[in-house]
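Enquirer: Sending over model_29.csv (CSV, C-alpha atoms and all ligand atoms).
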```csv
chain,number,residue,atom,x,y,z
A,1,MET,CA,131.3,74.2,218.6
A,2,ASN,CA,130.0,70.7,218.3
A,3,PRO,CA,126.2,70.9,218.4
A,4,SER,CA,125.8,67.5,219.9
A,5,SER,CA,127.7,68.6,223.0
A,6,GLN,CA,124.9,71.0,223.8
A,7,ASP,CA,121.9,69.1,222.4
A,8,PRO,CA,121.8,65.4,223.5
A,9,ALA,CA,119.0,64.7,221.1
A,10,ALA,CA,121.2,65.8,218.2
A,11,GLY,CA,123.7,63.2,219.1
A,12,GLU,CA,121.0,60.5,219.3
A,13,LYS,CA,119.7,61.4,215.8
A,14,SER,CA,123.1,61.2,214.3
A,15,GLU,CA,123.4,57.6,215.4
A,16,GLY,CA,120.7,56.5,212.9
A,17,LEU,CA,118.4,53.6,213.8
A,18,PRO,CA,117.9,52.8,217.5
A,19,SER,CA,120.0,50.0,218.8
A,20,THR,CA,118.8,46.5,219.5
A,21,HIS,CA,118.4,45.0,223.0
A,22,SER,CA,119.5,41.6,224.1
A,23,VAL,CA,116.7,39.6,225.7
A,24,THR,CA,116.9,36.1,227.2
A,25,LEU,CA,113.8,34.1,227.7
A,26,LYS,CA,112.9,30.5,228.3
A,27,ILE,CA,110.5,29.5,225.6
A,28,ASN,CA,108.8,26.1,225.9
A,29,GLY,CA,111.6,24.9,228.1
A,30,ALA,CA,114.5,26.1,225.9
A,31,GLU,CA,116.6,29.2,226.7
A,32,LYS,CA,116.6,31.7,223.8
A,33,ARG,CA,118.8,34.8,223.6
A,34,LEU,CA,117.8,37.3,221.0
A,35,GLU,CA,118.8,40.7,219.8
A,36,LEU,CA,115.6,42.6,219.3
A,37,ALA,CA,114.4,46.1,218.5
A,38,PRO,CA,113.1,47.5,221.8
A,39,TRP,CA,109.5,47.8,220.4
A,40,THR,CA,109.2,44.1,219.5
A,41,THR,CA,106.2,42.6,221.1
A,42,LEU,CA,106.3,39.2,222.7
A,43,LEU,CA,103.8,38.1,220.0
A,44,ASP,CA,106.1,39.2,217.2
A,45,LEU,CA,109.1,37.7,218.9
A,46,LEU,CA,107.3,34.3,219.0
A,47,ARG,CA,105.9,34.4,215.4
A,48,GLU,CA,108.5,36.4,213.5
A,49,HIS,CA,111.7,35.6,215.2
A,50,LEU,CA,111.2,32.1,216.4
A,51,GLY,CA,108.7,30.8,213.9
A,52,LEU,CA,106.2,29.7,216.6
A,53,THR,CA,103.1,30.5,214.6
A,54,GLY,CA,100.8,28.5,216.8
A,55,THR,CA,100.2,31.8,218.7
A,56,LYS,CA,97.9,33.8,216.5
A,57,LYS,CA,97.7,37.5,215.8
A,58,GLY,CA,94.1,38.6,215.7
A,59,CYS,CA,93.4,42.2,216.6
A,60,ASP,CA,97.0,43.1,217.8
A,61,HIS,CA,95.2,45.3,220.3
A,62,GLY,CA,94.5,43.2,223.3
A,63,GLN,CA,90.8,42.6,222.4
A,64,CYS,CA,90.5,39.1,221.0
A,65,GLY,CA,92.8,36.8,223.0
A,66,ALA,CA,94.1,35.0,219.9
A,67,CYS,CA,97.7,35.7,221.1
A,68,THR,CA,97.3,34.4,224.7
A,69,VAL,CA,100.4,32.6,226.0
A,70,LEU,CA,101.5,31.7,229.5
A,71,VAL,CA,104.3,33.8,231.1
A,72,ASN,CA,105.5,32.2,234.3
A,73,GLY,CA,102.3,30.2,234.4
A,74,LYS,CA,100.0,33.2,234.0
A,75,ARG,CA,98.0,33.9,230.8
A,76,ILE,CA,98.7,37.2,229.1
A,77,ASN,CA,98.0,38.8,225.7
A,78,ALA,CA,101.4,38.5,223.9
A,79,CYS,CA,100.4,41.5,221.7
A,80,LEU,CA,100.3,43.8,224.7
A,81,THR,CA,103.7,43.2,226.2
A,82,LEU,CA,107.1,44.1,224.8
A,83,ALA,CA,109.6,41.2,224.7
A,84,VAL,CA,112.2,43.3,226.7
A,85,MET,CA,109.7,43.6,229.5
A,86,GLN,CA,109.7,39.8,229.9
A,87,GLU,CA,113.5,39.4,230.4
A,88,GLY,CA,114.2,36.1,232.2
A,89,ALA,CA,110.6,34.9,232.0
A,90,GLU,CA,109.3,31.4,231.2
A,91,VAL,CA,107.0,31.5,228.2
A,92,THR,CA,104.8,28.6,227.2
A,93,THR,CA,103.0,28.7,223.9
A,94,VAL,CA,100.5,26.1,222.5
A,95,GLU,CA,103.5,24.3,221.0
A,96,GLY,CA,104.9,23.8,224.4
A,97,LEU,CA,101.9,22.3,226.2
A,98,ALA,CA,102.1,18.7,225.1
A,99,SER,CA,104.4,16.4,226.9
A,100,GLY,CA,106.1,14.5,224.0
A,101,GLU,CA,103.4,12.6,222.2
A,102,ALA,CA,100.9,13.1,225.1
A,103,LEU,CA,98.6,16.1,224.6
A,104,HIS,CA,97.9,18.4,227.5
A,105,PRO,CA,94.6,17.5,229.1
A,106,VAL,CA,93.1,20.8,227.9
A,107,GLN,CA,94.2,20.0,224.3
A,108,ALA,CA,92.8,16.5,224.6
A,109,ALA,CA,89.5,17.9,225.9
A,110,PHE,CA,89.2,20.4,223.0
A,111,ILE,CA,89.5,17.5,220.5
A,112,GLU,CA,87.1,15.3,222.4
A,113,HIS,CA,84.5,18.1,222.5
A,114,ASP,CA,85.1,19.3,219.0
A,115,ALA,CA,85.7,22.7,220.5
A,116,PHE,CA,86.7,24.6,217.3
A,117,GLN,CA,85.7,25.2,213.8
A,118,CYS,CA,88.2,27.3,211.9
A,119,GLY,CA,90.7,26.9,214.7
A,120,TYR,CA,92.1,30.4,214.6
A,121,CYS,CA,91.2,31.2,218.2
A,122,THR,CA,92.0,27.7,219.5
A,123,PRO,CA,95.6,28.2,220.6
A,124,GLY,CA,94.7,31.3,222.6
A,125,GLN,CA,91.6,29.6,224.0
A,126,ILE,CA,93.7,26.6,225.1
A,127,CYS,CA,96.5,28.7,226.7
A,128,SER,CA,93.9,30.8,228.4
A,129,ALA,CA,92.1,27.8,229.8
A,130,VAL,CA,95.4,26.4,231.1
A,131,GLY,CA,96.0,29.7,232.8
A,132,LEU,CA,92.5,29.8,234.2
A,133,ILE,CA,92.9,26.4,235.7
A,134,ASN,CA,96.2,27.4,237.2
A,135,GLU,CA,94.6,30.5,238.7
A,136,GLY,CA,91.9,28.4,240.4
A,137,LYS,CA,89.4,31.3,240.5
A,138,ALA,CA,86.6,29.9,238.5
A,139,LYS,CA,84.3,28.1,241.0
A,140,THR,CA,81.2,28.0,238.9
A,141,VAL,CA,80.3,27.6,235.2
A,142,ASP,CA,79.3,31.3,235.1
A,143,GLU,CA,82.7,32.3,236.5
A,144,LEU,CA,84.4,30.1,234.0
A,145,ARG,CA,82.4,31.8,231.2
A,146,GLU,CA,83.3,35.2,232.6
A,147,LEU,CA,87.0,34.4,233.1
A,148,MET,CA,87.2,33.2,229.5
A,149,SER,CA,85.4,36.2,228.0
A,150,GLY,CA,88.7,37.8,226.8
A,151,ASN,CA,89.0,35.1,224.2
A,152,ILE,CA,86.8,35.7,221.3
A,153,CYS,CA,85.7,33.0,218.9
A,154,ARG,CA,84.3,34.3,215.6
A,155,CYS,CA,82.9,30.8,214.8
A,156,GLY,CA,80.8,30.8,217.9
A,157,ALA,CA,82.2,27.5,219.2
A,158,TYR,CA,81.7,28.6,222.8
A,159,PRO,CA,79.4,25.8,224.0
A,160,ASN,CA,81.9,23.2,223.1
A,161,ILE,CA,84.9,25.3,224.3
A,162,LEU,CA,83.2,25.7,227.7
A,163,ALA,CA,82.4,22.0,227.8
A,164,ALA,CA,86.0,21.1,227.0
A,165,ILE,CA,87.4,23.4,229.7
A,166,GLU,CA,84.8,22.1,232.2
A,167,GLN,CA,86.0,18.6,231.6
A,168,ALA,CA,89.7,19.6,232.0
A,169,MET,CA,88.8,21.3,235.3
A,170,ARG,CA,87.0,18.2,236.5
A,171,GLU,CA,90.0,16.1,235.6
A,172,SER,CA,92.2,18.5,237.5
A,173,GLY,CA,90.0,18.1,240.6
A,174,ARG,CA,88.5,21.7,240.2
A,175,SER,CA,85.1,20.9,238.9
A,176,PRO,CA,83.1,24.2,238.6
A,177,LYS,CA,79.6,24.2,240.2
A,178,ARG,CA,76.6,24.6,237.9
B,201,LIG,S1,96.0,39.7,219.0
B,201,LIG,FE1,96.4,40.0,221.1
B,201,LIG,S2,94.5,40.2,222.0
B,201,LIG,FE2,94.1,40.1,219.8
B,202,LIG,S1,87.0,28.3,216.0
B,202,LIG,FE1,87.0,29.9,214.5
B,202,LIG,S2,87.4,31.7,215.6
B,202,LIG,FE2,87.1,30.2,217.1
```
Transcribe the structure of this file into structure tokens.
Expert:
Amino acid sequence: MNPSSQDPAAGEKSEGLPSTHSVTLKINGAEKRLELAPWTTLLDLLREHLGLTGTKKGCDHGQCGACTVLVNGKRINACLTLAVMQEGAEVTTVEGLASGEALHPVQAAFIEHDAFQCGYCTPGQICSAVGLINEGKAKTVDELRELMSGNICRCGAYPNILAAIEQAMRESGRSPKR
């Protein structure tokens, strides 16, 4: 008797490595279709498969915010989501924020306020700030600080980061109260 006809798992094992999945995403405005192992995170898709290394891998556990990107305009930790879960989504990384030569207002504000030292957390901070402004929930500076608390800066550049985001909020007409 063929053992696989009784034990479905035996059949799976005999097939060797699991198959890949086809995923289609719009990344920074360009449609990308990829064949990926089902366990590929969005972060690894961006960095390893597309070479978009602006998005950083810090903890790889959802605790530092270095990997923050925008998915359909909302900020998420790219290390915590599988690429296959984002089928059809629009993903924006730090590479996709500028409009041609013109920096995104949050990027420009980070430069103006010198809001980084080593810069490792910066792409995540910037994407997170863009998501925060999209959300429109931060009404005060304290709320701004709280809603950015998922983004860790090991250099301690927080005062300048907050000043930069506050300026970008002011420019977008959503100035937080003090
Ligand atoms: S690398 Fe994703 S939260 Fe740290
Ligand atoms: S600027 Fe170095 S970790 Fe934030």
Enquirer: Using all atoms listed in the file, find all polymer residues with an atom at most 7 Å away from the point (96.2, 41.5, 223.5); report them as an MDAnalysis selection string.
Expert: chainID A and resid 60:65 67 77:80
Enquirer: Within 12 Å of Leu52 (chain A), counting all atoms listed in the file, which residues show up once you throw out same-chain ones fewer than 2 positions away? Write them as a PyMOL selection string, please.
Expert: chain A and resi 27-28+42-50+54-57+67+69+91-96+123
Enquirer: I'd like the contact shell of Ala129 (chain A) - 12 Å cut-off, only C-alpha atoms, skipping same-chain residues fewer than 2 positions apart - returned as number ranges by chain.
Expert: A: 65, 68-70, 73-76, 94, 97, 104-107, 109-110, 122-127, 131-138, 144-151, 161-169
Enquirer: Could you check how far CA of Thr53 (chain A) sits from CA of Glu171 (chain A), in Å to one decimal?
Expert: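 Going from CA of Thr53 (chain A) over to CA of Glu171 (chain A) covers 28.6 Å.
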Enquirer: Taking all atoms listed in the file into account, which residues have an atom no farther than 10 Å from ligand LIG 202 (chain B)? I'd like them as a list in words.
Expert: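 Sorted by chain and then by number, the residues are Gly58, Cys64, Ala66, Asp114, Ala115, Phe116, Gln117, Cys118, Gly119, Tyr120, Cys121, Thr122, Pro123, Gly124, Gln125, Asn151, Ile152, Cys153, Arg154, Cys155, Gly156, Ala157, Tyr158 and Ile161 of chain A.
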Enquirer: Out of A:Thr40, A:Thr81, A:Ser19, A:Thr140, which residue has the shortest atom-to-atom distance to ligand LIG 201 (chain B) when counting only C-alpha atoms and all ligand atoms?
Expert: A:Thr81
Enquirer: Calculated over only C-alpha atoms and all ligand atoms, which of the candidates A:Cys59, A:Ile111, A:Leu34, A:Met85 has the smallest distance to ligand LIG 201 (chain B)?
Expert: A:Cys59
Enquirer: Rank A:Ser128, A:Pro38, A:Glu112, A:Ser22 by their smallest atom-to-atom distance to ligand LIG 201 (chain B), using all atoms listed in the file, and report the top residue only.
Expert: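 That would be A:Ser128, the residue with the smallest distance to ligand LIG 201 (chain B).
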Enquirer: Expressed in Å to a single decimal, how great is the separation between CA of Glu101 (chain A) and CA of Gly51 (chain A)?
Expert: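 These two atoms are separated by 20.7 Å.
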Enquirer: Which of these, A:Lys139, A:Gly16, A:Ala89, A:Thr41, has the shortest distance to ligand LIG 201 (chain B) once you count all atoms listed in the file?
Expert: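 Closest to ligand LIG 201 (chain B), using all atoms listed in the file: A:Thr41.
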Enquirer: Work out how far apart CA of Ala83 (chain A) and CA of Trp39 (chain A) are and give it in Å to one decimal.
Expert: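 Calculated distance between CA of Ala83 (chain A) and CA of Trp39 (chain A) is 7.9 Å.
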